[in-house]
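The block underneath contains the structure these notes are about, expressed in structure tokens.
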Amino acid sequence: MNLSAQRRQFIFDSAKMACGVGALGLGLGLFARQAKALPAGAVRPPGAGAEGDFQAACIRCGLCVRDCPYDILKLATPEQHVATGTPFFVARVKPCEMCEDIPCVKACPTGALDHQLIDIKKAKMGLAVLVDHETCLNFLGLRCDVCYRVCPVIDKAITLDLQHNERTAKHTMFLPTVHSDACTGCGKCEASCVLEVAAIKVYPIKLAKGELGAHYQLGWEEKRKAGQSLVESRDLVDLPDRLPEGVKLPGHWDPGSSAVPGGLPATSIPLPDESPR
Amino acid sequence: MSATPLKLAQEAIETKGWFGAHRFLILRRLSQLTVLLSFLVGPWFGWWLVKGNLNYSLTLGTVPLADPLVLLQSLLTGHVPERNAIIGVAMVTGFYMLVGGRVFCSWVCPVNMVTDAASALRRRLDIRGGADLPRETRYWILALVLLLAVTTGGIVWELVNPVSMLPRGLMFGMGAGWLLIGGIFLFDTFVMKRGWCSYLCPVGAFYSLLGRFSLVRVKAGKRDACNDCLDCFVVCPEQQVIKLPLKGAKKGASPVILSGNCTNCGRCIDVCSKDVFSFSSRFSSGTGQPGDKVLPPH
């Protein structure tokens, strides 16, 4: 074989190999994209960061699983929708017991579970969400309260907010309300929900949490910070109050619509001093 | 060739006895099973000698050992690991650089038991031919594995890696992992001779590079005694590494098998009735005879 034929052969062999391995890489890459989506039912151990970062840092050794005293964590097997070999738990099956010394985090050799986490109450494994208001017994006007009672951060992560019961017209509903600043995502509430299918569930924070626009300001917060209302001028446009079609509130006075019926006022209207704002 | 070919290692068994002709095979199986059992007595009996799996382990709560390929992938994603993982990688890397990288394959990796079984079945059923690939394929796959870590920002290979899936599965629960391991067994048996370990596995490819300059090597020290029975070629998972050291005396080739792809499994030592092979250091280059010309390591 002369040199150019050899060179030709080499180029074709390399191309063949690059194509074959490239196809394999394409398959693996697409599979990896799928595997990066943590299913909503799976919860990572405390100290795990965003899913992508976690999969970059976790070397699938299972030391967190071994050091969990309650045998809650499992390593994903290939048929599960969690990245193979990575640790997770299912809150409804067995929730995190929130050990004070956080042995699972201490055991992690790579920092996939962040060693900066030393207070388990600061863990953010997920966020509990009362997803179903139609079946939650407290929303039906009963006093179940189980999720509230079992919460390890009771009265901070879950509070019972009172609301008038329109159906009976004489009772109060005690609505379990989750507060994201205190909820660790341990899953005790989901595990202990008495329904056949839990009405309260732990979701990854990314799924569970909304986010205000960065430019949003809450008037009452700004007022509290400033010590006074930021809007002192009385020469403001008062827009008509929006009420659902056909609804009349007894005693309701709306200067915005009563001044110029059916439209915006052309000029600013002086308000009575004692008007509600 | 005679009408009834001799059974593999028959001569060796006749001269050295069955145990003599299976010495390193038995030692390797003991080594592989000891590694697995030291992890398994924890979950089975509550004796926590070693925790973790082959990706990372903690022995007696103090000694960390970590797989360098997994850590390298993690590093390529941009994550810097904690101290224990780094110590573990240093220990493992140092060990295999000394004793031969692919010692992992033949003395530790449990997939080796699967593929050895497939290879034995292939011989028993006299299955010949099948698919063929260049042996360099594994290095391409290794490059791909590292590239995927960079481009996707995740340890992608660990999603499908059978080398870590089998031990992890045995220690933590296998699930559908058996399908993959079974697939490798069938592939090696019916599709491609020694296909997984000697052509495709990027973990082995990585360890072959790690052991490129290792101290412990197999040497065809008494190559003059070779009677051309070919048993070593038949039994060797990386036949190409034997040829030159065994038959290259006239070309002045060193009798030491210097290729990083020799797994130091010692089966050639076992099956040779003439005791041509032995473990030695890479620097013991002569055949012990005066006037031996030796090429520098390639």
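Here's how to read the names in the structure tokens: chain A, B, ... by the order shown, residue numbers from 1 in each chain, ligand numbers from 1 in the order shown.
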Exercise for the section: Write out as an MDAnalysis selection string every residue belonging to chain A that has an atom at most 6 Å from any atom of chain B, counting only C-alpha atoms. Expected result: chainID A and resid 32 55:57 61:63 77:79 84 109:111
Please produce an output containing C-alpha atoms for each residue in the selection, written as a PDB file, in the first residue's frame.
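Once everything was written out, this is selection-v8.pdb:
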ATOM      1  CA  ALA A  32     -28.723  12.565  29.930  1.00  0.00           C
ATOM      2  CA  GLN A  55     -25.706  15.401  39.039  1.00  0.00           C
ATOM      3  CA  ALA A  56     -22.349  16.989  38.300  1.00  0.00           C
ATOM      4  CA  ALA A  57     -21.117  16.534  41.857  1.00  0.00           C
ATOM      5  CA  CYS A  61     -21.235   6.096  46.053  1.00  0.00           C
ATOM      6  CA  GLY A  62     -24.219   5.680  48.362  1.00  0.00           C
ATOM      7  CA  LEU A  63     -22.465   6.767  51.575  1.00  0.00           C
ATOM      8  CA  THR A  77     -31.812   1.839  39.716  1.00  0.00           C
ATOM      9  CA  PRO A  78     -31.742   2.151  35.920  1.00  0.00           C
ATOM     10  CA  GLU A  79     -35.485   1.692  35.371  1.00  0.00           C
ATOM     11  CA  THR A  84     -29.041   6.027  37.928  1.00  0.00           C
ATOM     12  CA  PRO A 109     -17.271  12.841  49.957  1.00  0.00           C
ATOM     13  CA  THR A 110     -17.713  15.315  47.129  1.00  0.00           C
ATOM     14  CA  GLY A 111     -19.895  18.060  48.557  1.00  0.00           C
TER      15      GLY A 111
END
Exercise for the section: May I have the residues within 12 Å of Ala169 (chain A) as a PyMOL selection string, using only C-alpha atoms and disregarding those fewer than 5 positions away in the same chain? Expected result: chain A and resi 141+163-164
Generate the output file for the selected residues, N, CA, C and O atoms, as a CSV table (one decimal), in the first residue's frame.
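Everything below was put into again13.csv:
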chain,number,residue,atom,x,y,z
A,141,GLY,N,-63.9,22.0,55.9
A,141,GLY,CA,-64.5,22.5,57.1
A,141,GLY,C,-64.3,21.6,58.3
A,141,GLY,O,-64.7,21.9,59.4
A,163,GLN,N,-60.5,31.1,58.3
A,163,GLN,CA,-61.4,31.7,57.3
A,163,GLN,C,-62.8,31.3,57.6
A,163,GLN,O,-63.1,30.2,58.0
A,164,HIS,N,-63.7,32.2,57.3
A,164,HIS,CA,-65.1,32.0,57.6
A,164,HIS,C,-65.6,30.9,56.7
A,164,HIS,O,-65.3,30.8,55.5
Exercise for the section: Name all residues at most 9 Å from Gly204 (chain B) (count only C-alpha atoms; drop same-chain ones fewer than 5 positions away) and give them as a list in words. Expected result: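 Final neighbour list, sorted by chain and number: Gly101, Arg102, Phe104, Cys105, Arg138, Cys197, Ser198, Leu209 and Asn261 of chain B.
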Writing out the chosen residues with N, CA and C atoms as a compact mmCIF listing (two decimals), in the first residue's frame:
# COMPACT_ATOMS: atom_id res chain seq x y z
N GLY B 101 -2.63 -0.57 35.74
CA GLY B 101 -3.97 0.00 35.77
C GLY B 101 -5.05 -1.03 35.61
N ARG B 102 -4.83 -1.94 34.66
CA ARG B 102 -5.92 -2.88 34.38
C ARG B 102 -5.96 -4.03 35.36
N PHE B 104 -7.22 -3.43 37.98
CA PHE B 104 -8.62 -3.19 38.38
C PHE B 104 -9.54 -4.14 37.63
N CYS B 105 -9.32 -4.23 36.30
CA CYS B 105 -10.21 -5.06 35.47
C CYS B 105 -10.17 -6.53 35.89
N ARG B 138 -12.39 1.60 22.35
CA ARG B 138 -12.59 1.98 23.76
C ARG B 138 -12.03 3.36 24.07
N CYS B 197 -14.94 -6.04 27.47
CA CYS B 197 -13.74 -5.64 28.22
C CYS B 197 -12.58 -5.23 27.31
N SER B 198 -12.46 -5.87 26.14
CA SER B 198 -11.27 -5.66 25.33
C SER B 198 -11.46 -4.71 24.15
N LEU B 209 -4.47 3.46 30.52
CA LEU B 209 -3.61 4.65 30.45
C LEU B 209 -2.95 4.93 31.79
N ASN B 261 -2.44 -2.41 28.23
CA ASN B 261 -3.66 -3.18 28.11
C ASN B 261 -3.53 -4.61 28.65
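When only C-alpha atoms are used to compute distances to Ala83 (chain A), the closest of the residues A:Asn138, A:Asn2, A:Gln116, A:Gln34 turns out to be A:Gln34.
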Handout entry: One-decimal distance in Å that lies between CA of Phe233 (chain B) and CA of Arg122 (chain B)
Key =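 Between CA of Arg122 (chain B) and CA of Phe233 (chain B) the gap works out to 15.1 Å.
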Problem - Surrounding residues of Arg29 (chain B) excluding itself and chain neighbours under 2 positions, 9 Å, only C-alpha atoms, as a PyMOL selection string - result: chain B and resi 24-27+31-34+106-108+113
Practice task
Just the strand (DSSP E or B) stuff from region 55-205 of chain A, please, per backbone DSSP, written as JSON, numbers by chain.
Solution key: {"A": [74, 75, 87, 88, 89, 113, 127, 128, 129, 130, 154, 158, 159, 160, 161, 162, 163, 164, 165, 171, 172, 173, 174, 175, 176, 177, 178, 200, 201, 202, 203]}
Residue selection dump (N, CA and C atoms) as a short mmCIF file (atom, residue, chain, number, x, y, z; two decimals), in the first residue's frame:
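Okay, selection-v9.cif is ready:
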data_model
loop_
_atom_site.label_atom_id
_atom_site.label_comp_id
_atom_site.auth_asym_id
_atom_site.auth_seq_id
_atom_site.Cartn_x
_atom_site.Cartn_y
_atom_site.Cartn_z
N LYS A 74 -32.58 5.96 49.09
CA LYS A 74 -32.32 4.83 48.19
C LYS A 74 -31.48 5.34 47.02
N LEU A 75 -30.70 4.43 46.40
CA LEU A 75 -30.01 4.79 45.16
C LEU A 75 -30.88 4.37 43.99
N PRO A 87 -28.94 9.33 45.02
CA PRO A 87 -29.81 9.09 46.17
C PRO A 87 -31.08 9.95 46.12
N PHE A 88 -32.17 9.38 46.59
CA PHE A 88 -33.43 10.13 46.68
C PHE A 88 -34.33 9.43 47.68
N PHE A 89 -35.40 10.12 48.08
CA PHE A 89 -36.44 9.44 48.86
C PHE A 89 -37.81 9.86 48.36
N LEU A 113 -23.78 16.96 48.51
CA LEU A 113 -24.61 17.44 49.61
C LEU A 113 -23.75 18.47 50.34
N LEU A 127 -40.45 21.75 48.67
CA LEU A 127 -41.41 22.65 49.31
C LEU A 127 -42.77 21.96 49.34
N ALA A 128 -43.36 21.93 50.53
CA ALA A 128 -44.69 21.33 50.64
C ALA A 128 -45.71 22.27 50.00
N VAL A 129 -46.63 21.69 49.27
CA VAL A 129 -47.69 22.48 48.64
C VAL A 129 -49.01 21.78 48.91
N LEU A 130 -49.99 22.53 49.41
CA LEU A 130 -51.31 21.95 49.58
C LEU A 130 -51.98 22.00 48.21
N ILE A 154 -43.39 23.21 63.23
CA ILE A 154 -44.79 23.58 63.45
C ILE A 154 -44.93 25.08 63.77
N ILE A 158 -45.81 25.38 58.63
CA ILE A 158 -47.25 25.27 58.36
C ILE A 158 -48.01 25.98 59.48
N THR A 159 -48.88 26.91 59.10
CA THR A 159 -49.76 27.54 60.08
C THR A 159 -51.19 27.23 59.68
N LEU A 160 -52.09 27.39 60.62
CA LEU A 160 -53.52 27.24 60.29
C LEU A 160 -54.11 28.64 60.18
N ASP A 161 -54.50 28.98 58.99
CA ASP A 161 -55.08 30.31 58.77
C ASP A 161 -56.60 30.23 58.84
N LEU A 162 -57.20 31.15 59.53
CA LEU A 162 -58.64 31.08 59.77
C LEU A 162 -59.42 31.74 58.66
N GLN A 163 -60.51 31.09 58.29
CA GLN A 163 -61.37 31.68 57.28
C GLN A 163 -62.83 31.32 57.58
N HIS A 164 -63.70 32.23 57.35
CA HIS A 164 -65.12 32.00 57.59
C HIS A 164 -65.64 30.87 56.69
N ASN A 165 -66.41 29.96 57.29
CA ASN A 165 -66.96 28.86 56.51
C ASN A 165 -68.29 29.29 55.90
N HIS A 171 -69.25 28.53 61.13
CA HIS A 171 -68.00 27.92 61.60
C HIS A 171 -66.80 28.60 60.95
N THR A 172 -65.63 28.19 61.46
CA THR A 172 -64.38 28.68 60.90
C THR A 172 -63.63 27.52 60.25
N MET A 173 -63.01 27.79 59.11
CA MET A 173 -62.14 26.78 58.49
C MET A 173 -60.70 27.08 58.91
N PHE A 174 -59.96 26.02 59.26
CA PHE A 174 -58.56 26.17 59.66
C PHE A 174 -57.69 25.68 58.50
N LEU A 175 -57.24 26.60 57.68
CA LEU A 175 -56.59 26.20 56.43
C LEU A 175 -55.08 26.05 56.61
N PRO A 176 -54.55 24.82 56.40
CA PRO A 176 -53.09 24.64 56.50
C PRO A 176 -52.41 25.49 55.43
N THR A 177 -51.49 26.31 55.85
CA THR A 177 -50.82 27.22 54.93
C THR A 177 -49.31 27.05 55.08
N VAL A 178 -48.64 26.73 53.96
CA VAL A 178 -47.20 26.47 54.01
C VAL A 178 -46.44 27.77 53.79
N ILE A 200 -51.54 17.24 50.36
CA ILE A 200 -50.36 18.09 50.49
C ILE A 200 -49.15 17.27 50.03
N LYS A 201 -48.33 17.87 49.17
CA LYS A 201 -47.23 17.11 48.57
C LYS A 201 -45.97 17.96 48.57
N VAL A 202 -44.83 17.27 48.64
CA VAL A 202 -43.56 17.98 48.54
C VAL A 202 -43.11 17.98 47.08
N TYR A 203 -42.87 19.17 46.56
CA TYR A 203 -42.39 19.30 45.19
C TYR A 203 -41.01 19.94 45.19
#
Exercise for the section: To one decimal in Å, tell me the separation between CA of Ser119 (chain B) and CA of Leu8 (chain B). Expected result: 12.5 Å
Handout entry: d(CA of Gly221 (chain B), CA of Phe283 (chain B)) in Å
Key =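 Interatomic distance, CA of Gly221 (chain B) to CA of Phe283 (chain B): 12.4 Å.
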Practice task
Could you find all residues in region 10-242 of chain A that DSSP calls helix (DSSP H, G or I) from the backbone, and write them as a PyMOL selection string?
Solution key: chain A and resi 10-35+51-57+63-67+103-107+120-122+146-150+188-192+205-208+219-226
Dump of C-alpha atoms for the selected residues, as a PDB file, in the first residue's frame:
ATOM      1  CA  PHE A  10      -6.594   6.106   7.953  1.00  0.00           C
ATOM      2  CA  ILE A  11      -8.984   8.958   7.207  1.00  0.00           C
ATOM      3  CA  PHE A  12     -11.844   6.601   6.385  1.00  0.00           C
ATOM      4  CA  ASP A  13     -11.214   4.452   9.452  1.00  0.00           C
ATOM      5  CA  SER A  14     -11.185   7.546  11.642  1.00  0.00           C
ATOM      6  CA  ALA A  15     -14.360   8.865  10.026  1.00  0.00           C
ATOM      7  CA  LYS A  16     -16.069   5.523  10.565  1.00  0.00           C
ATOM      8  CA  MET A  17     -15.082   5.501  14.211  1.00  0.00           C
ATOM      9  CA  ALA A  18     -16.037   9.135  14.767  1.00  0.00           C
ATOM     10  CA  CYS A  19     -19.474   8.542  13.234  1.00  0.00           C
ATOM     11  CA  GLY A  20     -20.145   5.398  15.267  1.00  0.00           C
ATOM     12  CA  VAL A  21     -19.001   6.880  18.553  1.00  0.00           C
ATOM     13  CA  GLY A  22     -20.720  10.160  17.694  1.00  0.00           C
ATOM     14  CA  ALA A  23     -24.029   8.330  17.291  1.00  0.00           C
ATOM     15  CA  LEU A  24     -23.480   6.702  20.678  1.00  0.00           C
ATOM     16  CA  GLY A  25     -22.724  10.128  22.132  1.00  0.00           C
ATOM     17  CA  LEU A  26     -25.885  11.582  20.669  1.00  0.00           C
ATOM     18  CA  GLY A  27     -27.955   8.833  22.278  1.00  0.00           C
ATOM     19  CA  LEU A  28     -26.215   9.217  25.624  1.00  0.00           C
ATOM     20  CA  GLY A  29     -26.496  13.000  25.501  1.00  0.00           C
ATOM     21  CA  LEU A  30     -30.231  12.901  24.827  1.00  0.00           C
ATOM     22  CA  PHE A  31     -30.683  10.322  27.568  1.00  0.00           C
ATOM     23  CA  ALA A  32     -28.723  12.565  29.930  1.00  0.00           C
ATOM     24  CA  ARG A  33     -31.048  15.472  29.164  1.00  0.00           C
ATOM     25  CA  GLN A  34     -34.024  13.316  30.108  1.00  0.00           C
ATOM     26  CA  ALA A  35     -32.307  12.154  33.269  1.00  0.00           C
ATOM     27  CA  GLU A  51     -30.556  19.158  40.029  1.00  0.00           C
ATOM     28  CA  GLY A  52     -27.971  19.868  37.333  1.00  0.00           C
ATOM     29  CA  ASP A  53     -25.296  20.801  39.881  1.00  0.00           C
ATOM     30  CA  PHE A  54     -26.167  17.785  41.964  1.00  0.00           C
ATOM     31  CA  GLN A  55     -25.706  15.401  39.039  1.00  0.00           C
ATOM     32  CA  ALA A  56     -22.349  16.989  38.300  1.00  0.00           C
ATOM     33  CA  ALA A  57     -21.117  16.534  41.857  1.00  0.00           C
ATOM     34  CA  LEU A  63     -22.465   6.767  51.575  1.00  0.00           C
ATOM     35  CA  CYS A  64     -25.426   9.046  52.373  1.00  0.00           C
ATOM     36  CA  VAL A  65     -27.690   6.022  52.025  1.00  0.00           C
ATOM     37  CA  ARG A  66     -25.484   4.018  54.387  1.00  0.00           C
ATOM     38  CA  ASP A  67     -25.268   6.728  57.016  1.00  0.00           C
ATOM     39  CA  PRO A 103     -25.212  12.348  58.928  1.00  0.00           C
ATOM     40  CA  CYS A 104     -26.049  12.024  55.227  1.00  0.00           C
ATOM     41  CA  VAL A 105     -24.471  15.382  54.450  1.00  0.00           C
ATOM     42  CA  LYS A 106     -21.414  14.609  56.571  1.00  0.00           C
ATOM     43  CA  ALA A 107     -20.919  11.315  54.722  1.00  0.00           C
ATOM     44  CA  ILE A 120     -31.186  20.954  59.353  1.00  0.00           C
ATOM     45  CA  LYS A 121     -33.937  23.556  59.778  1.00  0.00           C
ATOM     46  CA  LYS A 122     -32.259  25.482  56.946  1.00  0.00           C
ATOM     47  CA  VAL A 146     -52.549  16.213  60.821  1.00  0.00           C
ATOM     48  CA  CYS A 147     -50.070  17.863  58.441  1.00  0.00           C
ATOM     49  CA  TYR A 148     -49.884  20.858  60.762  1.00  0.00           C
ATOM     50  CA  ARG A 149     -49.373  18.687  63.858  1.00  0.00           C
ATOM     51  CA  VAL A 150     -46.599  16.480  62.405  1.00  0.00           C
ATOM     52  CA  LYS A 188     -43.683  14.538  56.991  1.00  0.00           C
ATOM     53  CA  CYS A 189     -46.908  16.312  56.005  1.00  0.00           C
ATOM     54  CA  GLU A 190     -47.217  14.377  52.741  1.00  0.00           C
ATOM     55  CA  ALA A 191     -46.407  11.082  54.469  1.00  0.00           C
ATOM     56  CA  SER A 192     -49.030  11.603  57.169  1.00  0.00           C
ATOM     57  CA  ILE A 205     -38.745  24.145  44.858  1.00  0.00           C
ATOM     58  CA  LYS A 206     -38.362  25.000  41.196  1.00  0.00           C
ATOM     59  CA  LEU A 207     -41.814  23.549  40.530  1.00  0.00           C
ATOM     60  CA  ALA A 208     -43.489  24.775  43.680  1.00  0.00           C
ATOM     61  CA  GLY A 219     -46.935  49.251  48.725  1.00  0.00           C
ATOM     62  CA  TRP A 220     -47.538  48.237  52.332  1.00  0.00           C
ATOM     63  CA  GLU A 221     -43.945  46.986  52.717  1.00  0.00           C
ATOM     64  CA  GLU A 222     -42.582  50.232  51.287  1.00  0.00           C
ATOM     65  CA  LYS A 223     -44.888  52.192  53.569  1.00  0.00           C
ATOM     66  CA  ARG A 224     -43.638  50.264  56.599  1.00  0.00           C
ATOM     67  CA  LYS A 225     -40.002  50.803  55.597  1.00  0.00           C
ATOM     68  CA  ALA A 226     -40.489  54.505  54.929  1.00  0.00           C
TER      69      ALA A 226
END
Problem - Contacts of Arg282 (chain B) at 7 Å (only C-alpha atoms; same-chain gap of 3+ positions) as a ChimeraX atom specification - result: /B:215-217,256,258,285
